[in-house]
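Trainee: Structure provided below as structure tokens; questions to follow.
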There are 2 protein chains.
Amino acid sequence: MNEFALIGDIAQALGNSATAPWVHVGIGDDAAVLQPRAGFDAVASIDTLVADVHFPMSAPAELIGYRALMVSLSDLAAMAALPRYALVALTLPELGGQISTQWVQQLAQGMAMAAADTGTALCGGNLTKGALSISVSVHGEVEQGQAKLRSSGEPGQRLFVTGALGGAAACLRQQQHLSVAPDALSAMQDAYYRPQARFDCRPDIQAASCAIDISDGLLQDLNHVLQASGCGADLRAAAIPLGAGATLEDALSGGDDYQLLFASAEPGTAGVCIGELSSEPGLRLDGKDVEIHGYQHFSA
Amino acid sequence: MNEFALIGDIAQALGNSATAPWVHVGIGDDAAVLQPRAGFDAVASIDTLVADVHFPMSAPAELIGYRALMVSLSDLAAMAALPRYALVALTLPELGGQISTQWVQQLAQGMAMAAADTGTALCGGNLTKGALSISVSVHGEVEQGQAKLRSSGEPGQRLFVTGALGGAAACLRQQQHLSVAPDALSAMQDAYYRPQARFDCRPDIQAASCAIDISDGLLQDLNHVLQASGCGADLRAAAIPLGAGATLEDALSGGDDYQLLFASAEPGTAGVCIGELSSEPGLRLDGKDVEIHGYQHFSA
């Protein structure tokens with residue numbers, strides 16, 4: 001199995017998800033060539049998932065692949081963008097043992113499922129040798145000038161989340177990630193392994209004043225919005241929707257659910273209202289100042 | 001030093017290279033937002049550089065950063081595209097020892113130099129903890145339908161390279177990469193540490209029938225063109241331009257120079273003619289069949 005044969009196997013596992021009408025040139029040349037949509041801005045983000053930091057090595061490869069693409073796409077959903085394509089840079093240890101050709105194919109199949117679920121074309125990538133990690137560059141489009149930023153929140157606007165929080169953190173806390181059968185996930189395992197980039201909430205995000213995806217925990221990500229928007233916020237603990245098995249602490253400080261947080265002055269959103277933006281600086285839960293905990297690399 | 005402070009340091013080190021007139025939203029939101037150019041296709045590629053595989057850990061961080069961006073951009077040059085922006089996903093071990101905050105800033109400064117040299121905006125990225133590696137997603141634009149593919153070569157067309165080959169391989173072979181002073185590189189060290197994405201050769205690539213960048217060695221990369229184009233080739237050893245200190249073997253099988261290889265029926269190119277495409281399958285050097293050696297991951 002050489003590098004180019006393995007790329008061929010991956011392309012085969014991706015099947016139809018490697019292409020789309022807007023992909024003029026896909027896998028197999030120096031670069032992919034894409035047709036931009038007139039009247040739209042390009043939206044782009046990159047994420048790296050490292051083995052045993054962002055996913056357990058022991059997890060089924062299919063779920064690792066599914067999760068890797070979805071959590072990366074989530075950044076596009078938070079901008080009110082629609083997904084178009086992704087590039088995947090895969091760093092693999094020497095094949096053999098746990099990481100076999102079959103493992104790589106299953107990883108690609110999982111990515112292909114997430115691609116199919118979102119209408120994303122997996123049209124390019126890179127394969128190299130090293131400690132197992134997956135870098136995914138994701139690319140979408142949004143109507144010109146309509147990207148939703150973190151910086152446009154204003155005091156008085158209500159804060160919403162697109163769904164239940166803390167389920168993924170509960171899965172990790174209860175070590176439910178250690179034993180997983182892909183076709184029979186518990187609700188907690190589903191929260192961790194099958195996060196959904198919330199493109200289905202796009203009308204709410206388009207109508208919002210600002211948005212962010214919750215990757216590092218509600219408090220920490222809300223704090224990014226507060227700093228960018230120059231305001232404070234009041235949250236109501238009882239209003240925060242909890243995922244299966246989740247405690248309030250899981251919901252406040254656990255990342256990994258990839259729901260969207262947004263502020264809106266519009267009525268009629270499908271989101272769950274959890275509080276308001278305030279002209280009073282700081283972040284309060286039920287009127288009490290809160291300290292912000294959330295996932296950080298290099299926190300030492 | 002926490003994650004967000006380090007991102008701030010990196011943004012500062014990038015300075016003006018983080019932005020450009022076509023960057024509407026840069027570092028600091030969920031994703032970057034870019035203005036596409038009307039009448040152009042998007043061209044996209046991703047590469048990962050792993051410590052001690054693609055660069056020596058002991059090298060000055062500034063040169064590692066410069067090289068990382070340039071070798072990634074080279075794929076865009078090979079498509080006849082102009083660079084627009086790049087996203088950088090940096091995986092770093094725990095800070096301390098060799099990898100300090102200062103090291104990271106120098107890496108960013110090196111990338112900023114390559115960005116300035118090419119007109120690329122470094123408008124987004126990701127920071128995570130793990131074994132040192134750098135994934136770079138590069139994005140350019142080419143006039144609609146004018147991307148230069150590997151598959152359009154035809155028998156009878158002459159083969160050209162944009163410059164001397166083998167210098168980078170000679171640098172590695174002679175272990176000149178072990179002791180490097182950034183402001184006094186030997187010619188060999190320059191070939192390895194300061195490869196240039198050959199956007200300056202764009203008129204020749206636009207006039208060519210097909211093109212590829214030489215990242216894995218002349219023979220191996222030419223073989224990709226031959227397979228994609230369905231033809232063979234004849235090379236003349238004496239015509240192949242050798243880099244400083246390079247042997248013919250360095251030039252044939254050493255990667256890392258990042259010159260472009262192209263086939264053209266047009267006269268008047270600035271490239272160096274090294275042979276012709278042929279209707280006779282296979283690859284010959286001075287009339288003799290050659291075996292193809294070049295860099296491969298997972299070759300076992």
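Naming works like this for the structure tokens: A, B, ... for the chains as they're shown, residue 1 at the start of each chain, ligands 1 onward in shown order.
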Which residues of chain B come within 7 Å of chain A, and what is each one's closest atom pair and distance in Å (one decimal), counting only C-alpha atoms, sorted by chain and residue number, as JSON lines?
Mentor:
{"residue": "B:Met1", "atom": "CA", "partner": "A:Ser299", "partner_atom": "CA", "distance": 6.6}
{"residue": "B:Asn2", "atom": "CA", "partner": "A:Ser299", "partner_atom": "CA", "distance": 4.4}
{"residue": "B:Glu3", "atom": "CA", "partner": "A:Phe298", "partner_atom": "CA", "distance": 5.3}
{"residue": "B:Asp29", "atom": "CA", "partner": "A:Arg150", "partner_atom": "CA", "distance": 6.3}
{"residue": "B:Asp30", "atom": "CA", "partner": "A:Asp75", "partner_atom": "CA", "distance": 5.1}
{"residue": "B:Ala31", "atom": "CA", "partner": "A:Ser45", "partner_atom": "CA", "distance": 4.7}
{"residue": "B:Ala32", "atom": "CA", "partner": "A:Ala44", "partner_atom": "CA", "distance": 5.2}
{"residue": "B:Val33", "atom": "CA", "partner": "A:Val43", "partner_atom": "CA", "distance": 4.5}
{"residue": "B:Leu34", "atom": "CA", "partner": "A:Ala42", "partner_atom": "CA", "distance": 4.9}
{"residue": "B:Gln35", "atom": "CA", "partner": "A:Asp41", "partner_atom": "CA", "distance": 5.2}
{"residue": "B:Pro36", "atom": "CA", "partner": "A:Asp41", "partner_atom": "CA", "distance": 6.4}
{"residue": "B:Asp41", "atom": "CA", "partner": "A:Gln35", "partner_atom": "CA", "distance": 5.2}
{"residue": "B:Ala42", "atom": "CA", "partner": "A:Leu34", "partner_atom": "CA", "distance": 4.9}
{"residue": "B:Val43", "atom": "CA", "partner": "A:Val33", "partner_atom": "CA", "distance": 4.5}
{"residue": "B:Ala44", "atom": "CA", "partner": "A:Ala32", "partner_atom": "CA", "distance": 5.2}
{"residue": "B:Ser45", "atom": "CA", "partner": "A:Ala31", "partner_atom": "CA", "distance": 4.7}
{"residue": "B:Ile46", "atom": "CA", "partner": "A:Gly125", "partner_atom": "CA", "distance": 5.9}
{"residue": "B:Asp47", "atom": "CA", "partner": "A:Asn126", "partner_atom": "CA", "distance": 5.7}
{"residue": "B:Thr48", "atom": "CA", "partner": "A:Ala89", "partner_atom": "CA", "distance": 6.4}
{"residue": "B:Val50", "atom": "CA", "partner": "A:Gly130", "partner_atom": "CA", "distance": 6.6}
{"residue": "B:Asp75", "atom": "CA", "partner": "A:Asp30", "partner_atom": "CA", "distance": 5.2}
{"residue": "B:Leu76", "atom": "CA", "partner": "A:Ala31", "partner_atom": "CA", "distance": 6.6}
{"residue": "B:Ala78", "atom": "CA", "partner": "A:Asp30", "partner_atom": "CA", "distance": 6.8}
{"residue": "B:Met79", "atom": "CA", "partner": "A:Asp30", "partner_atom": "CA", "distance": 6.9}
{"residue": "B:Leu87", "atom": "CA", "partner": "A:Ile46", "partner_atom": "CA", "distance": 6.5}
{"residue": "B:Ala89", "atom": "CA", "partner": "A:Thr48", "partner_atom": "CA", "distance": 6.4}
{"residue": "B:Glu94", "atom": "CA", "partner": "A:Phe298", "partner_atom": "CA", "distance": 6.6}
{"residue": "B:Gly124", "atom": "CA", "partner": "A:Ser45", "partner_atom": "CA", "distance": 6.8}
{"residue": "B:Gly125", "atom": "CA", "partner": "A:Ile46", "partner_atom": "CA", "distance": 5.8}
{"residue": "B:Asn126", "atom": "CA", "partner": "A:Asp47", "partner_atom": "CA", "distance": 5.6}
{"residue": "B:Thr128", "atom": "CA", "partner": "A:His297", "partner_atom": "CA", "distance": 6.2}
{"residue": "B:Lys129", "atom": "CA", "partner": "A:His297", "partner_atom": "CA", "distance": 6.1}
{"residue": "B:Gly130", "atom": "CA", "partner": "A:Val50", "partner_atom": "CA", "distance": 6.6}
{"residue": "B:Ala131", "atom": "CA", "partner": "A:Ala131", "partner_atom": "CA", "distance": 6.6}
{"residue": "B:Ser135", "atom": "CA", "partner": "A:Ser135", "partner_atom": "CA", "distance": 6.9}
{"residue": "B:Ser137", "atom": "CA", "partner": "A:Ser137", "partner_atom": "CA", "distance": 6.6}
{"residue": "B:Leu149", "atom": "CA", "partner": "A:Asp29", "partner_atom": "CA", "distance": 6.6}
{"residue": "B:Arg150", "atom": "CA", "partner": "A:Asp29", "partner_atom": "CA", "distance": 6.4}
{"residue": "B:Ile212", "atom": "CA", "partner": "A:Asp30", "partner_atom": "CA", "distance": 6.5}
{"residue": "B:Gln296", "atom": "CA", "partner": "A:Glu3", "partner_atom": "CA", "distance": 6.1}
{"residue": "B:His297", "atom": "CA", "partner": "A:Glu3", "partner_atom": "CA", "distance": 5.5}
{"residue": "B:Phe298", "atom": "CA", "partner": "A:Asn2", "partner_atom": "CA", "distance": 5.1}
{"residue": "B:Ser299", "atom": "CA", "partner": "A:Asn2", "partner_atom": "CA", "distance": 4.4}
{"residue": "B:Ala300", "atom": "CA", "partner": "A:Asn2", "partner_atom": "CA", "distance": 6.8}
Trainee: Apply DSSP to the backbone of this structure and, from region 186-254 of chain A, keep only the residues in strand (DSSP E or B); write these as a PyMOL selection string.
Mentor: chain A and resi 210-213+232-235+242
Trainee: Those selected residues, please, written with N, CA and C atoms and delivered as a CSV table (one decimal), in the first residue's frame.
Mentor:
chain,number,residue,atom,x,y,z
A,210,CYS,N,-26.0,38.6,16.0
A,210,CYS,CA,-24.7,38.0,16.0
A,210,CYS,C,-24.8,36.6,16.4
A,211,ALA,N,-23.8,35.8,16.1
A,211,ALA,CA,-23.8,34.4,16.3
A,211,ALA,C,-22.4,33.8,16.5
A,212,ILE,N,-22.4,32.6,17.2
A,212,ILE,CA,-21.1,31.9,17.4
A,212,ILE,C,-21.5,30.5,17.6
A,213,ASP,N,-20.6,29.6,17.3
A,213,ASP,CA,-20.8,28.2,17.6
A,213,ASP,C,-20.2,27.8,19.0
A,232,GLY,N,-22.5,43.2,28.2
A,232,GLY,CA,-22.6,42.1,29.2
A,232,GLY,C,-23.8,41.2,28.9
A,233,ALA,N,-24.0,40.2,29.8
A,233,ALA,CA,-25.2,39.4,29.6
A,233,ALA,C,-25.7,38.8,30.9
A,234,ASP,N,-27.0,38.5,30.9
A,234,ASP,CA,-27.7,37.9,32.0
A,234,ASP,C,-28.3,36.6,31.5
A,235,LEU,N,-27.9,35.5,32.2
A,235,LEU,CA,-28.5,34.2,31.8
A,235,LEU,C,-29.4,33.7,32.9
A,242,LEU,N,-30.9,21.3,28.8
A,242,LEU,CA,-29.8,20.3,29.1
A,242,LEU,C,-29.9,19.1,28.2
Trainee: Would you please work out which residue, of A:Ala170, A:Leu14, A:Leu261, A:Leu185, is nearest to Ala59 (chain A) when using only C-alpha atoms?
Mentor: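 Closest residue, counting only C-alpha atoms: A:Leu185.
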Trainee: What's around Gly230 (chain A) at 9 Å? Count only C-alpha atoms, leave out sequence neighbours fewer than 6 positions away in its own chain, and write the answer as a list in words.
Mentor: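 In the requested form, the answer reads Ser151, Gly153, Glu154, Ser279 and Pro281 of chain A.
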Trainee: Can you pull out every residue within 7 Å of region 214-222 of chain A, counting only C-alpha atoms, but drop anything in the same chain fewer than 3 positions away, and send it as JSON, numbers by chain?
Mentor: {"A": [225, 226, 251, 252, 253, 254, 255, 256, 257, 258, 259, 260, 261, 292, 293, 294, 295]}
Trainee: Of the residues B:Glu62, B:Glu143, B:Asp204, B:Asp9, which is the one nearest to Phe262 (chain B), using only C-alpha atoms?
Mentor: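 The shortest atom-to-atom distance to Phe262 (chain B) comes from B:Asp204.
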Trainee: Show which residues sit within 12 Å of region 174-183 of chain B, as a PyMOL selection string. Count only C-alpha atoms, and ignore same-chain residues fewer than 4 positions away.
Mentor: chain B and resi 52+54-64+66+106+110+166-170+187-194+244-247+250
